[in-house]
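Peer 1: What follows is upload04.pdb, PDB, C-alpha atoms.
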ATOM      1  CA  MET U1205      24.057  44.027  28.149
ATOM      2  CA  THR U1206      22.751  43.992  31.726
ATOM      3  CA  GLN U1207      24.478  40.671  32.366
ATOM      4  CA  ALA U1208      27.703  42.117  30.956
ATOM      5  CA  LEU U1209      27.481  44.943  33.485
ATOM      6  CA  CYS U1210      26.786  42.418  36.263
ATOM      7  CA  LEU U1211      29.975  40.593  35.250
ATOM      8  CA  ALA U1212      31.916  43.867  35.239
ATOM      9  CA  LEU U1213      30.711  44.662  38.749
ATOM     10  CA  ARG U1214      31.727  41.204  39.959
ATOM     11  CA  LEU U1215      35.157  41.587  38.368
ATOM     12  CA  ALA U1216      35.455  44.874  40.254
ATOM     13  CA  GLY U1217      34.734  43.107  43.535
ATOM     14  CA  VAL U1218      31.298  44.650  44.067
ATOM     15  CA  GLY U1219      28.925  42.671  46.253
ATOM     16  CA  ALA U1220      26.136  42.872  48.780
ATOM     17  CA  GLY U1221      26.077  46.080  50.805
ATOM     18  CA  ASP U1222      28.635  47.903  48.665
ATOM     19  CA  GLU U1223      27.970  51.298  47.077
ATOM     20  CA  VAL U1224      28.426  52.078  43.398
ATOM     21  CA  VAL U1225      28.463  55.644  42.092
ATOM     22  CA  THR U1226      26.313  55.926  38.970
ATOM     23  CA  LEU U1227      24.211  58.408  37.002
ATOM     24  CA  ALA U1228      20.546  58.775  37.887
ATOM     25  CA  LEU U1229      20.042  59.942  34.288
ATOM     26  CA  ASN U1230      20.254  56.454  32.885
ATOM     27  CA  CYS U1231      18.361  53.408  31.683
ATOM     28  CA  MET U1232      17.189  50.583  33.929
ATOM     29  CA  SER U1233      19.074  48.138  31.710
ATOM     30  CA  SER U1234      22.250  49.632  33.190
ATOM     31  CA  ASN U1235      21.485  50.499  36.804
ATOM     32  CA  SER U1236      19.483  47.342  37.499
ATOM     33  CA  ALA U1237      22.783  45.430  37.382
ATOM     34  CA  ILE U1238      23.880  47.207  40.564
ATOM     35  CA  ALA U1239      20.853  45.895  42.437
ATOM     36  CA  MET U1240      21.302  42.437  40.897
ATOM     37  CA  VAL U1241      24.699  42.050  42.613
ATOM     38  CA  GLY U1242      23.261  43.279  45.914
ATOM     39  CA  ALA U1243      24.862  46.733  45.856
ATOM     40  CA  VAL U1244      23.302  50.161  46.314
ATOM     41  CA  PRO U1245      23.665  53.070  43.866
ATOM     42  CA  VAL U1246      24.870  56.497  44.906
ATOM     43  CA  TRP U1247      23.379  58.939  42.414
ATOM     44  CA  VAL U1248      25.783  61.373  40.769
ATOM     45  CA  ASP U1249      24.804  64.500  38.852
ATOM     46  CA  VAL U1250      25.464  65.569  35.264
ATOM     47  CA  ASP U1251      26.598  68.853  33.749
ATOM     48  CA  PRO U1252      23.435  70.020  31.924
ATOM     49  CA  ARG U1253      25.470  71.815  29.262
ATOM     50  CA  THR U1254      27.111  68.589  28.093
ATOM     51  CA  THR U1255      25.074  65.794  29.824
ATOM     52  CA  THR U1256      28.391  64.304  31.003
ATOM     53  CA  VAL U1257      29.174  63.320  34.576
ATOM     54  CA  ASP U1258      29.843  66.174  37.015
ATOM     55  CA  LEU U1259      33.321  65.280  38.275
ATOM     56  CA  ASP U1260      33.099  67.520  41.348
ATOM     57  CA  ASP U1261      29.864  65.850  42.378
ATOM     58  CA  LEU U1262      31.362  62.438  41.659
ATOM     59  CA  ALA U1263      34.193  63.184  44.086
ATOM     60  CA  ALA U1264      31.605  64.195  46.706
ATOM     61  CA  CYS U1265      29.790  60.851  46.248
ATOM     62  CA  ILE U1266      32.763  58.721  47.255
ATOM     63  CA  GLY U1267      32.563  57.326  50.765
ATOM     64  CA  PRO U1268      33.886  54.435  52.869
ATOM     65  CA  ARG U1269      31.457  51.923  51.301
ATOM     66  CA  THR U1270      32.128  52.941  47.688
ATOM     67  CA  ARG U1271      33.467  49.984  45.744
ATOM     68  CA  ALA U1272      33.231  51.128  42.103
ATOM     69  CA  VAL U1273      32.244  53.937  39.740
ATOM     70  CA  VAL U1274      30.009  53.299  36.722
ATOM     71  CA  VAL U1275      29.792  56.161  34.229
ATOM     72  CA  TYR U1276      27.214  56.037  31.469
ATOM     73  CA  HIS U1277      28.152  58.030  28.358
ATOM     74  CA  VAL U1278      24.658  59.438  27.857
ATOM     75  CA  ALA U1279      23.514  58.914  24.251
ATOM     76  CA  GLY U1280      27.127  58.611  23.087
ATOM     77  CA  TYR U1281      28.239  61.970  24.556
ATOM     78  CA  VAL U1282      31.591  61.743  26.369
ATOM     79  CA  GLY U1283      33.329  64.069  28.802
ATOM     80  CA  ASP U1284      36.927  64.406  29.923
ATOM     81  CA  LEU U1285      37.663  60.703  30.248
ATOM     82  CA  MET U1286      41.265  61.189  31.291
ATOM     83  CA  ALA U1287      40.201  63.383  34.217
ATOM     84  CA  LEU U1288      37.567  60.788  35.106
ATOM     85  CA  ARG U1289      40.182  58.020  34.969
ATOM     86  CA  GLN U1290      42.536  60.029  37.189
ATOM     87  CA  LEU U1291      39.826  60.762  39.756
ATOM     88  CA  CYS U1292      39.009  57.062  40.084
ATOM     89  CA  HIS U1293      42.686  56.132  40.217
ATOM     90  CA  ASP U1294      43.363  58.637  42.992
ATOM     91  CA  ALA U1295      40.386  57.272  44.946
ATOM     92  CA  GLY U1296      41.533  53.671  44.449
ATOM     93  CA  LEU U1297      38.270  52.754  42.733
ATOM     94  CA  PRO U1298      37.686  50.682  39.598
ATOM     95  CA  LEU U1299      36.025  52.562  36.741
ATOM     96  CA  ILE U1300      33.418  50.852  34.585
ATOM     97  CA  GLU U1301      32.497  52.701  31.389
ATOM     98  CA  ASP U1302      28.898  52.113  30.391
ATOM     99  CA  ALA U1303      29.491  52.729  26.686
ATOM    100  CA  ASN U1304      26.333  50.912  25.619
ATOM    101  CA  ASN U1305      25.551  53.518  22.950
ATOM    102  CA  ALA U1306      28.981  55.159  22.667
ATOM    103  CA  LEU U1307      30.852  52.771  20.373
ATOM    104  CA  GLY U1308      33.029  54.965  18.155
ATOM    105  CA  ALA U1309      33.154  57.945  20.513
ATOM    106  CA  GLN U1310      36.607  59.290  21.389
ATOM    107  CA  TRP U1311      38.382  61.517  23.876
ATOM    108  CA  ASN U1312      41.408  63.243  22.301
ATOM    109  CA  GLY U1313      41.601  60.495  19.692
ATOM    110  CA  ARG U1314      41.403  57.601  22.138
ATOM    111  CA  PRO U1315      38.283  55.406  21.997
ATOM    112  CA  ALA U1316      35.708  55.596  24.748
ATOM    113  CA  GLY U1317      35.617  52.273  26.539
ATOM    114  CA  THR U1318      39.405  52.083  26.885
ATOM    115  CA  PHE U1319      39.746  54.383  29.907
ATOM    116  CA  GLY U1320      38.031  52.141  32.457
ATOM    117  CA  ASP U1321      38.984  48.893  34.113
ATOM    118  CA  GLN U1322      36.008  47.455  32.266
ATOM    119  CA  ALA U1323      33.580  48.765  29.665
ATOM    120  CA  ILE U1324      30.164  47.655  28.449
ATOM    121  CA  LEU U1325      28.834  47.619  24.885
ATOM    122  CA  SER U1326      25.288  46.937  23.729
ATOM    123  CA  PHE U1327      24.156  45.155  20.565
ATOM    124  CA  TYR U1328      20.498  46.184  20.916
ATOM    125  CA  PRO U1329      18.861  46.846  17.511
ATOM    126  CA  ASN U1330      19.170  50.633  17.644
ATOM    127  CA  ARG U1331      22.822  50.744  18.771
ATOM    128  CA  GLN U1332      25.905  51.318  16.606
ATOM    129  CA  LEU U1333      26.214  47.538  16.187
ATOM    130  CA  SER U1334      22.946  45.610  16.049
ATOM    131  CA  GLY U1335      22.992  41.987  17.093
ATOM    132  CA  ILE U1336      19.210  42.146  17.710
ATOM    133  CA  GLU U1337      20.062  41.618  21.392
ATOM    134  CA  GLY U1338      23.065  41.123  23.629
ATOM    135  CA  GLY U1339      26.193  42.984  24.600
ATOM    136  CA  ALA U1340      29.860  42.642  25.455
ATOM    137  CA  ILE U1341      32.256  43.338  28.269
ATOM    138  CA  VAL U1342      35.650  44.852  27.536
ATOM    139  CA  CYS U1343      38.077  43.990  30.321
ATOM    140  CA  ARG U1344      41.752  43.791  31.231
ATOM    141  CA  PRO U1345      43.620  40.698  29.988
ATOM    142  CA  GLN U1346      44.120  39.469  33.556
ATOM    143  CA  ASP U1347      40.338  39.416  34.077
ATOM    144  CA  ALA U1348      39.399  37.733  30.793
ATOM    145  CA  ASP U1349      39.561  34.097  31.926
ATOM    146  CA  ARG U1350      37.440  34.814  34.992
ATOM    147  CA  ALA U1351      34.909  36.712  32.862
ATOM    148  CA  ARG U1352      34.660  33.775  30.457
ATOM    149  CA  ARG U1353      33.972  31.394  33.359
ATOM    150  CA  LEU U1354      31.383  33.650  34.977
ATOM    151  CA  ARG U1355      29.407  33.983  31.742
ATOM    152  CA  ARG U1356      29.048  30.176  31.689
ATOM    153  CA  PHE U1357      27.950  29.318  35.261
ATOM    154  CA  GLY U1358      31.547  29.584  36.511
ATOM    155  CA  ILE U1359      32.612  26.605  34.414
ATOM    156  CA  ASP U1360      36.031  26.313  32.787
ATOM    157  CA  THR U1361      34.642  24.974  29.507
ATOM    158  CA  ALA U1362      38.075  23.827  28.294
ATOM    159  CA  ARG U1363      38.358  21.372  31.213
ATOM    160  CA  PHE U1364      34.730  20.712  32.195
ATOM    161  CA  ARG U1365      34.370  17.425  30.314
ATOM    162  CA  THR U1366      36.634  14.431  30.065
ATOM    163  CA  ALA U1367      37.890  12.890  26.821
ATOM    164  CA  ASP U1368      34.811  10.644  26.629
ATOM    165  CA  GLY U1369      32.442  13.651  26.866
ATOM    166  CA  GLU U1370      31.367  13.234  30.490
ATOM    167  CA  ILE U1371      31.464  15.952  33.138
ATOM    168  CA  ASP U1372      34.751  15.707  35.031
ATOM    169  CA  PRO U1373      33.851  14.841  38.656
ATOM    170  CA  MET U1374      37.224  16.094  39.852
ATOM    171  CA  LEU U1375      36.849  19.634  38.465
ATOM    172  CA  ASP U1376      35.635  22.177  41.005
ATOM    173  CA  VAL U1377      33.449  25.216  40.208
ATOM    174  CA  SER U1378      34.728  27.634  42.834
ATOM    175  CA  GLU U1379      32.757  30.728  41.792
ATOM    176  CA  ILE U1380      29.189  30.410  40.519
ATOM    177  CA  GLY U1381      28.291  32.368  37.412
ATOM    178  CA  VAL U1382      25.285  32.696  35.120
ATOM    179  CA  SER U1383      24.267  31.837  31.590
ATOM    180  CA  ALA U1384      25.332  34.957  29.697
ATOM    181  CA  SER U1385      26.995  33.750  26.512
ATOM    182  CA  LEU U1386      26.108  35.626  23.324
ATOM    183  CA  PRO U1387      24.499  33.259  20.770
ATOM    184  CA  HIS U1388      26.436  32.845  17.552
ATOM    185  CA  VAL U1389      23.631  34.318  15.429
ATOM    186  CA  ASN U1390      23.612  37.539  17.439
ATOM    187  CA  ALA U1391      27.401  37.709  17.463
ATOM    188  CA  THR U1392      27.543  37.258  13.679
ATOM    189  CA  LEU U1393      25.022  40.034  13.079
ATOM    190  CA  ALA U1394      26.879  42.448  15.361
ATOM    191  CA  LEU U1395      30.234  41.554  13.807
ATOM    192  CA  GLN U1396      28.937  42.244  10.306
ATOM    193  CA  GLY U1397      28.003  45.760  11.400
ATOM    194  CA  CYS U1398      31.688  46.524  11.948
ATOM    195  CA  ASP U1399      32.209  46.693   8.177
ATOM    196  CA  ASP U1400      30.574  50.116   7.802
ATOM    197  CA  LEU U1401      30.602  51.318  11.418
ATOM    198  CA  ASP U1402      32.809  54.359  10.739
ATOM    199  CA  GLU U1403      30.664  55.394   7.788
ATOM    200  CA  ARG U1404      27.448  55.197   9.816
ATOM    201  CA  VAL U1405      28.916  57.018  12.821
ATOM    202  CA  GLY U1406      30.167  59.734  10.469
ATOM    203  CA  LYS U1407      26.662  60.105   9.034
ATOM    204  CA  ASN U1408      25.255  60.541  12.543
ATOM    205  CA  ARG U1409      27.764  63.317  13.220
ATOM    206  CA  ARG U1410      26.951  65.078   9.943
ATOM    207  CA  ASN U1411      23.221  64.863  10.689
ATOM    208  CA  VAL U1412      23.673  66.517  14.089
ATOM    209  CA  THR U1413      25.858  69.239  12.569
ATOM    210  CA  GLN U1414      23.211  69.882   9.934
ATOM    211  CA  LEU U1415      20.411  70.106  12.493
ATOM    212  CA  ARG U1416      22.443  72.334  14.818
ATOM    213  CA  THR U1417      23.325  74.716  11.987
ATOM    214  CA  ALA U1418      19.774  74.893  10.626
ATOM    215  CA  LEU U1419      18.271  75.578  14.059
ATOM    216  CA  ALA U1420      20.998  77.795  15.499
ATOM    217  CA  ASP U1421      18.765  80.887  15.543
ATOM    218  CA  VAL U1422      15.835  79.232  17.343
ATOM    219  CA  ALA U1423      16.013  80.990  20.693
ATOM    220  CA  ASP U1424      14.332  78.378  22.879
ATOM    221  CA  LEU U1425      16.248  75.374  21.594
ATOM    222  CA  GLN U1426      19.756  74.624  22.843
ATOM    223  CA  PHE U1427      21.764  71.702  21.551
ATOM    224  CA  VAL U1428      23.700  69.883  24.262
ATOM    225  CA  GLU U1429      27.323  70.912  23.822
ATOM    226  CA  GLU U1430      30.216  68.715  22.796
ATOM    227  CA  VAL U1431      33.078  68.903  25.298
ATOM    228  CA  PRO U1432      36.272  70.243  23.651
ATOM    229  CA  GLY U1433      38.449  67.201  22.976
ATOM    230  CA  ALA U1434      35.479  64.874  22.632
ATOM    231  CA  SER U1435      34.223  63.251  19.460
ATOM    232  CA  ASN U1436      30.690  62.060  20.194
ATOM    233  CA  VAL U1437      28.788  59.433  18.235
ATOM    234  CA  PHE U1438      25.339  60.993  18.733
ATOM    235  CA  TRP U1439      23.058  58.023  19.228
ATOM    236  CA  VAL U1440      20.535  60.852  19.185
ATOM    237  CA  ALA U1441      20.814  64.647  19.106
ATOM    238  CA  LEU U1442      20.226  65.885  22.651
ATOM    239  CA  VAL U1443      18.551  69.280  22.959
ATOM    240  CA  ARG U1444      16.966  71.393  25.690
ATOM    241  CA  SER U1445      13.905  73.620  25.621
ATOM    242  CA  GLN U1446      11.751  75.260  28.261
ATOM    243  CA  ARG U1447       8.815  74.404  25.974
ATOM    244  CA  ARG U1448       9.898  70.800  25.642
ATOM    245  CA  ASP U1449       6.563  69.053  26.090
ATOM    246  CA  ALA U1450       4.670  71.288  23.655
ATOM    247  CA  LEU U1451       7.437  71.042  21.072
ATOM    248  CA  MET U1452       7.634  67.270  21.435
ATOM    249  CA  ASN U1453       3.879  66.976  20.933
ATOM    250  CA  ARG U1454       4.132  68.968  17.725
ATOM    251  CA  LEU U1455       7.049  66.911  16.447
ATOM    252  CA  LYS U1456       5.302  63.628  17.209
ATOM    253  CA  ALA U1457       2.139  64.849  15.469
ATOM    254  CA  ALA U1458       4.301  65.419  12.384
ATOM    255  CA  GLY U1459       5.686  61.885  12.576
ATOM    256  CA  VAL U1460       9.044  62.772  14.147
ATOM    257  CA  GLN U1461       9.932  60.186  16.777
ATOM    258  CA  CYS U1462      11.513  62.409  19.389
ATOM    259  CA  SER U1463      11.839  61.148  22.959
ATOM    260  CA  ARG U1464      12.601  62.219  26.534
ATOM    261  CA  LEU U1465      15.137  59.365  26.329
ATOM    262  CA  HIS U1466      15.421  58.394  30.013
ATOM    263  CA  GLN U1467      13.368  58.417  33.187
ATOM    264  CA  ARG U1468      15.755  59.251  35.986
ATOM    265  CA  ASN U1469      16.386  56.134  38.037
ATOM    266  CA  ASP U1470      16.539  57.830  41.435
ATOM    267  CA  ARG U1471      12.731  57.969  41.302
ATOM    268  CA  TYR U1472      12.569  54.187  41.774
ATOM    269  CA  SER U1473      12.249  53.025  45.371
ATOM    270  CA  GLY U1474      13.495  49.514  44.603
ATOM    271  CA  PHE U1475      17.114  50.648  44.581
ATOM    272  CA  GLY U1476      16.954  51.587  48.273
ATOM    273  CA  ALA U1477      19.301  54.508  47.622
ATOM    274  CA  ILE U1478      19.595  57.800  49.477
ATOM    275  CA  THR U1479      18.114  60.841  47.718
ATOM    276  CA  ARG U1480      20.721  63.422  46.701
ATOM    277  CA  ASN U1481      20.429  66.955  45.383
ATOM    278  CA  LEU U1482      21.037  66.720  41.622
ATOM    279  CA  PRO U1483      20.383  70.150  40.071
ATOM    280  CA  GLY U1484      21.814  69.236  36.683
ATOM    281  CA  THR U1485      19.652  66.133  36.478
ATOM    282  CA  ASP U1486      16.644  68.191  37.618
ATOM    283  CA  LEU U1487      17.183  70.615  34.734
ATOM    284  CA  MET U1488      17.572  67.818  32.200
ATOM    285  CA  GLU U1489      14.408  66.174  33.526
ATOM    286  CA  ARG U1490      12.483  69.373  32.793
ATOM    287  CA  GLU U1491      14.038  70.387  29.480
ATOM    288  CA  MET U1492      15.975  67.620  27.719
ATOM    289  CA  PHE U1493      14.738  65.545  24.834
ATOM    290  CA  ALA U1494      16.240  63.663  21.925
ATOM    291  CA  LEU U1495      15.858  64.390  18.241
ATOM    292  CA  PRO U1496      16.480  61.589  15.729
ATOM    293  CA  ALA U1497      19.983  61.764  14.234
ATOM    294  CA  GLY U1498      20.585  58.248  12.932
ATOM    295  CA  TRP U1499      22.467  57.389   9.778
ATOM    296  CA  TRP U1500      19.247  56.159   8.149
ATOM    297  CA  LEU U1501      17.660  59.632   8.050
ATOM    298  CA  SER U1502      17.167  61.132   4.597
ATOM    299  CA  GLN U1503      17.495  64.793   3.714
ATOM    300  CA  ASP U1504      13.695  64.963   3.643
ATOM    301  CA  ASP U1505      13.584  63.559   7.185
ATOM    302  CA  LEU U1506      16.039  66.168   8.431
ATOM    303  CA  ALA U1507      14.156  68.940   6.633
ATOM    304  CA  ARG U1508      10.913  67.858   8.315
ATOM    305  CA  ILE U1509      12.505  68.118  11.749
ATOM    306  CA  VAL U1510      13.814  71.600  10.949
ATOM    307  CA  ASP U1511      10.505  72.765   9.468
ATOM    308  CA  VAL U1512       8.456  71.634  12.468
ATOM    309  CA  VAL U1513      10.788  73.206  15.023
ATOM    310  CA  ARG U1514      10.972  76.483  13.102
ATOM    311  CA  ALA U1515       7.216  76.596  12.599
ATOM    312  CA  ASP U1516       6.716  76.083  16.320
ATOM    313  CA  ALA U1517       9.210  78.855  17.130
ATOM    314  CA  MET U1518       7.330  81.230  14.817
ATOM    315  CA  GLY U1519       4.001  80.372  16.422
ATOM    316  CA  ARG U1520       2.553  78.797  13.280
TER
END
Take the structure from the file and write it as structure tokens.
Peer 2:
Amino acid sequence: MTQALCLALRLAGVGAGDEVVTLALNCMSSNSAIAMVGAVPVWVDVDPRTTTVDLDDLAACIGPRTRAVVVYHVAGYVGDLMALRQLCHDAGLPLIEDANNALGAQWNGRPAGTFGDQAILSFYPNRQLSGIEGGAIVCRPQDADRARRLRRFGIDTARFRTADGEIDPMLDVSEIGVSASLPHVNATLALQGCDDLDERVGKNRRNVTQLRTALADVADLQFVEEVPGASNVFWVALVRSQRRDALMNRLKAAGVQCSRLHQRNDRYSGFGAITRNLPGTDLMEREMFALPAGWWLSQDDLARIVDVVRADAMGR
């Protein structure tokens, strides 16, 4: 997946010394690609109600060195993707959708990953499609041939060898790429997951609805909201609580694998980025955590989550 994002950045013309606007609330597997192409991230904030990108703050991030915008759909939650697309268009900047755990999400009926100039998918084991490892880049037709060359050292594989199987000494490699082809085994596993993708995504949505309904009266637990017009895929159920750490400890003691999900990337000095005021990210850092919501959960699993949270709220 990281290599796919590196390819997307190269297709967007990002290189050494450029700036790329991206969420600090993210995984290193995404933002490390920016450093790998020699660029510097500019950290953009999120709306803590919805954990989607703050469009006003995104506009404030754009400067003379900005070369691209990468927006991670946190845990499969999407915002107003048409407004995001328009903002990038007006600024003359390519948009890369980091949809690594948002396959199946939609904005007003249109799939996430189709609003950007490029999009990234992940086939990590716990994603919507598991290929054990790997990912994919979704790009415009005019960029596809270049992407195929860059994922194979820059080689045009159709012309690289002569009829007798030898490397063609007359064929130039004008742009050097990397080895980033998805092995056939991984591709086959991910492809097979397409057969019941809609069913599994639907189960995730029903699980989150069930948890939200059952815990609606717990005062110190707020589910992250779904933006009107969005249809999220809920890789996890994102919630907020001022008692997060104590509640997480209790859930983990009961065998519920909750998680803080991400360590904000603007804490890492290796990016060499300027510190920005990110109040939404600050709030999520203090309060946000993820409850399991996957399609594999049984009714007993969901009931255990509800029982532990309610018992904690009642002081038992």
Peer 1: I want to know what sits within 6 Å of region 1455-1465 of chain U, based on only C-alpha atoms, with residues of the same chain fewer than 4 positions away left out; could you give that as a CSV table (one decimal) with C-alpha atoms, in the coordinates of the input?
Peer 2:
chain,number,residue,atom,x,y,z
U,1493,PHE,CA,14.7,65.5,24.8
U,1494,ALA,CA,16.2,63.7,21.9
U,1495,LEU,CA,15.9,64.4,18.2
Peer 1: Would you be able to write out as a ChimeraX atom specification which residues have an atom within 6 Å of (35.9, 59.3, 18.4) in the file's coordinates, counting only C-alpha atoms?
Peer 2: /U:1308-1310,1313,1315,1435
Peer 1: So that I have them on file, write out the residues from the current selection with C-alpha atoms, as a short mmCIF file (atom, residue, chain, number, x, y, z; two decimals), keeping the file's coordinate frame.
Peer 2:
data_model
loop_
_atom_site.label_atom_id
_atom_site.label_comp_id
_atom_site.auth_asym_id
_atom_site.auth_seq_id
_atom_site.Cartn_x
_atom_site.Cartn_y
_atom_site.Cartn_z
CA GLY U 1308 33.03 54.96 18.16
CA ALA U 1309 33.15 57.94 20.51
CA GLN U 1310 36.61 59.29 21.39
CA GLY U 1313 41.60 60.50 19.69
CA PRO U 1315 38.28 55.41 22.00
CA SER U 1435 34.22 63.25 19.46
#
Peer 1: Could you expand the PyMOL selection byres ((chain U and resi 1298) around 12) into the explicit residues it covers here, written as a short mmCIF file (atom, residue, chain, number, x, y, z; two decimals) with C-alpha atoms, in the coordinates of the input?
Peer 2:
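And here is the file that came out, out-v1.cif:
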data_model
loop_
_atom_site.label_atom_id
_atom_site.label_comp_id
_atom_site.auth_asym_id
_atom_site.auth_seq_id
_atom_site.Cartn_x
_atom_site.Cartn_y
_atom_site.Cartn_z
CA ALA U 1212 31.92 43.87 35.24
CA LEU U 1213 30.71 44.66 38.75
CA ARG U 1214 31.73 41.20 39.96
CA LEU U 1215 35.16 41.59 38.37
CA ALA U 1216 35.46 44.87 40.25
CA GLY U 1217 34.73 43.11 43.54
CA VAL U 1218 31.30 44.65 44.07
CA VAL U 1224 28.43 52.08 43.40
CA VAL U 1225 28.46 55.64 42.09
CA THR U 1270 32.13 52.94 47.69
CA ARG U 1271 33.47 49.98 45.74
CA ALA U 1272 33.23 51.13 42.10
CA VAL U 1273 32.24 53.94 39.74
CA VAL U 1274 30.01 53.30 36.72
CA VAL U 1275 29.79 56.16 34.23
CA LEU U 1288 37.57 60.79 35.11
CA ARG U 1289 40.18 58.02 34.97
CA GLN U 1290 42.54 60.03 37.19
CA LEU U 1291 39.83 60.76 39.76
CA CYS U 1292 39.01 57.06 40.08
CA HIS U 1293 42.69 56.13 40.22
CA ASP U 1294 43.36 58.64 42.99
CA ALA U 1295 40.39 57.27 44.95
CA GLY U 1296 41.53 53.67 44.45
CA LEU U 1297 38.27 52.75 42.73
CA LEU U 1299 36.02 52.56 36.74
CA ILE U 1300 33.42 50.85 34.58
CA GLU U 1301 32.50 52.70 31.39
CA PHE U 1319 39.75 54.38 29.91
CA GLY U 1320 38.03 52.14 32.46
CA ASP U 1321 38.98 48.89 34.11
CA GLN U 1322 36.01 47.46 32.27
CA ALA U 1323 33.58 48.76 29.66
CA CYS U 1343 38.08 43.99 30.32
CA ARG U 1344 41.75 43.79 31.23
#
Peer 1: Just so the selection is clear, what residues does the PyMOL selection byres ((chain U and resi 1380) around 9) cover here, as a VMD selection string?
Peer 2: chain U and resid 1353 to 1354 1356 to 1359 1377 to 1379 1381 to 1382
Peer 1: With all atoms of region 1442-1455 of chain U from the file as input, state the centre and edge lengths in Å to one decimal of the axis-aligned box that has 5 Å extra on each side, as AutoDock Vina command-line options.
Peer 2:
--center_x 12.1 --center_y 70.6 --center_z 22.4 --size_x 26.3 --size_y 19.4 --size_z 21.8
Peer 1: Starting from the displayed file, determine the output of the PyMOL selection byres ((chain U and resi 1488) around 12) and express the residue list as an MDAnalysis selection string.
Peer 2: chainID U and resid 1228:1230 1249:1256 1278 1426 1428 1442:1446 1448 1464:1468 1482:1487 1489:1494
Peer 1: Interatomic distance between CA of Met1518 (chain U) and CA of Phe1427 (chain U)?
Peer 2: 18.6 Å
Peer 1: Pick from U:Val1412, U:Val1241, U:Leu1262, U:Leu1375: nearest to Trp1499 (chain U), with only C-alpha atoms counted?
Peer 2: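 Result for the nearest residue to Trp1499 (chain U): U:Val1412.
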Peer 1: Would you list the residues near (22.0, 49.9, 32.7), meaning any protein, DNA or RNA residue with an atom at most 9 Å from that point in file coordinates, counting all atoms listed in the file, as a PyMOL selection string?
Peer 2: chain U and resi 1205-1206+1209+1230-1238+1276+1302+1304
Peer 1: From the set U:Ile1336, U:Ala1450, U:Ala1420, U:Val1405, which residue has the shortest atom-to-atom contact distance to His1388 (chain U), counting all atoms listed in the file?
Peer 2: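 Looking at the shortest contact to His1388 (chain U), the residue is U:Ile1336.
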Peer 1: Hey, can you check how far CA of Leu1501 (chain U) sits from CA of Asp1424 (chain U)?
Peer 2: 24.1 Å
Peer 1: Could you check the closest approach to Leu1325 (chain U) for each of U:Ala1208, U:Ala1441, U:Val1257, U:Ala1287 and tell me which residue wins, using all atoms listed in the file?
Peer 2: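 Counting all atoms listed in the file, the residue closest to Leu1325 (chain U) is U:Ala1208.
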Peer 1: May I have the residues within 9 Å of Trp1439 (chain U) as a list of chain:residue names, using all atoms listed in the file and disregarding those fewer than 3 positions away in the same chain?
Peer 2: U:Val1278, U:Ala1279, U:Gly1280, U:Tyr1281, U:Asn1305, U:Ala1306, U:Asn1330, U:Arg1331, U:Gln1332, U:Val1405, U:Asn1408, U:Asn1436, U:Pro1496, U:Ala1497, U:Gly1498
Peer 1: Could you write out that same residue set with C-alpha atoms as a PDB file, in the frame of the given file?
Peer 2:
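Here's the written file part32.pdb:
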ATOM      1  CA  VAL U1278      24.658  59.438  27.857  1.00  0.00           C
ATOM      2  CA  ALA U1279      23.514  58.914  24.251  1.00  0.00           C
ATOM      3  CA  GLY U1280      27.127  58.611  23.087  1.00  0.00           C
ATOM      4  CA  TYR U1281      28.239  61.970  24.556  1.00  0.00           C
ATOM      5  CA  ASN U1305      25.551  53.518  22.950  1.00  0.00           C
ATOM      6  CA  ALA U1306      28.981  55.159  22.667  1.00  0.00           C
ATOM      7  CA  ASN U1330      19.170  50.633  17.644  1.00  0.00           C
ATOM      8  CA  ARG U1331      22.822  50.744  18.771  1.00  0.00           C
ATOM      9  CA  GLN U1332      25.905  51.318  16.606  1.00  0.00           C
ATOM     10  CA  VAL U1405      28.916  57.018  12.821  1.00  0.00           C
ATOM     11  CA  ASN U1408      25.255  60.541  12.543  1.00  0.00           C
ATOM     12  CA  ASN U1436      30.690  62.060  20.194  1.00  0.00           C
ATOM     13  CA  PRO U1496      16.480  61.589  15.729  1.00  0.00           C
ATOM     14  CA  ALA U1497      19.983  61.764  14.234  1.00  0.00           C
ATOM     15  CA  GLY U1498      20.585  58.248  12.932  1.00  0.00           C
TER      16      GLY U1498
END
Peer 1: With distances taken over all atoms listed in the file, which residue among U:Ala1303, U:Ala1348, U:Leu1395, U:Cys1265 lies nearest Arg1480 (chain U)?
Peer 2: U:Cys1265
Peer 1: U:Arg1514, U:Ala1220, U:Asn1453, U:Ser1502: which is nearest Ala1423 (chain U), counting only C-alpha atoms?
Peer 2: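 Once distances to Ala1423 (chain U) are computed over only C-alpha atoms, the minimum belongs to U:Arg1514.
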Peer 1: When you count only C-alpha atoms, which of these residues is closest to Leu1211 (chain U): U:Leu1227, U:Ala1340, U:Leu1401, U:Ala1243?
Peer 2: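 Using only C-alpha atoms, Leu1211 (chain U) sits closest to U:Ala1340.
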Peer 1: I want to know what sits within 12 Å of Gly1519 (chain U), based on all atoms listed in the file, with residues of the same chain fewer than 3 positions away left out; could you give that as a PDB file with C-alpha atoms, in the frame of the given file?
Peer 2:
ATOM      1  CA  VAL U1422      15.835  79.232  17.343  1.00  0.00           C
ATOM      2  CA  ALA U1450       4.670  71.288  23.655  1.00  0.00           C
ATOM      3  CA  LEU U1451       7.437  71.042  21.072  1.00  0.00           C
ATOM      4  CA  ARG U1454       4.132  68.968  17.725  1.00  0.00           C
ATOM      5  CA  VAL U1512       8.456  71.634  12.468  1.00  0.00           C
ATOM      6  CA  VAL U1513      10.788  73.206  15.023  1.00  0.00           C
ATOM      7  CA  ARG U1514      10.972  76.483  13.102  1.00  0.00           C
ATOM      8  CA  ALA U1515       7.216  76.596  12.599  1.00  0.00           C
ATOM      9  CA  ASP U1516       6.716  76.083  16.320  1.00  0.00           C
TER      10      ASP U1516
END
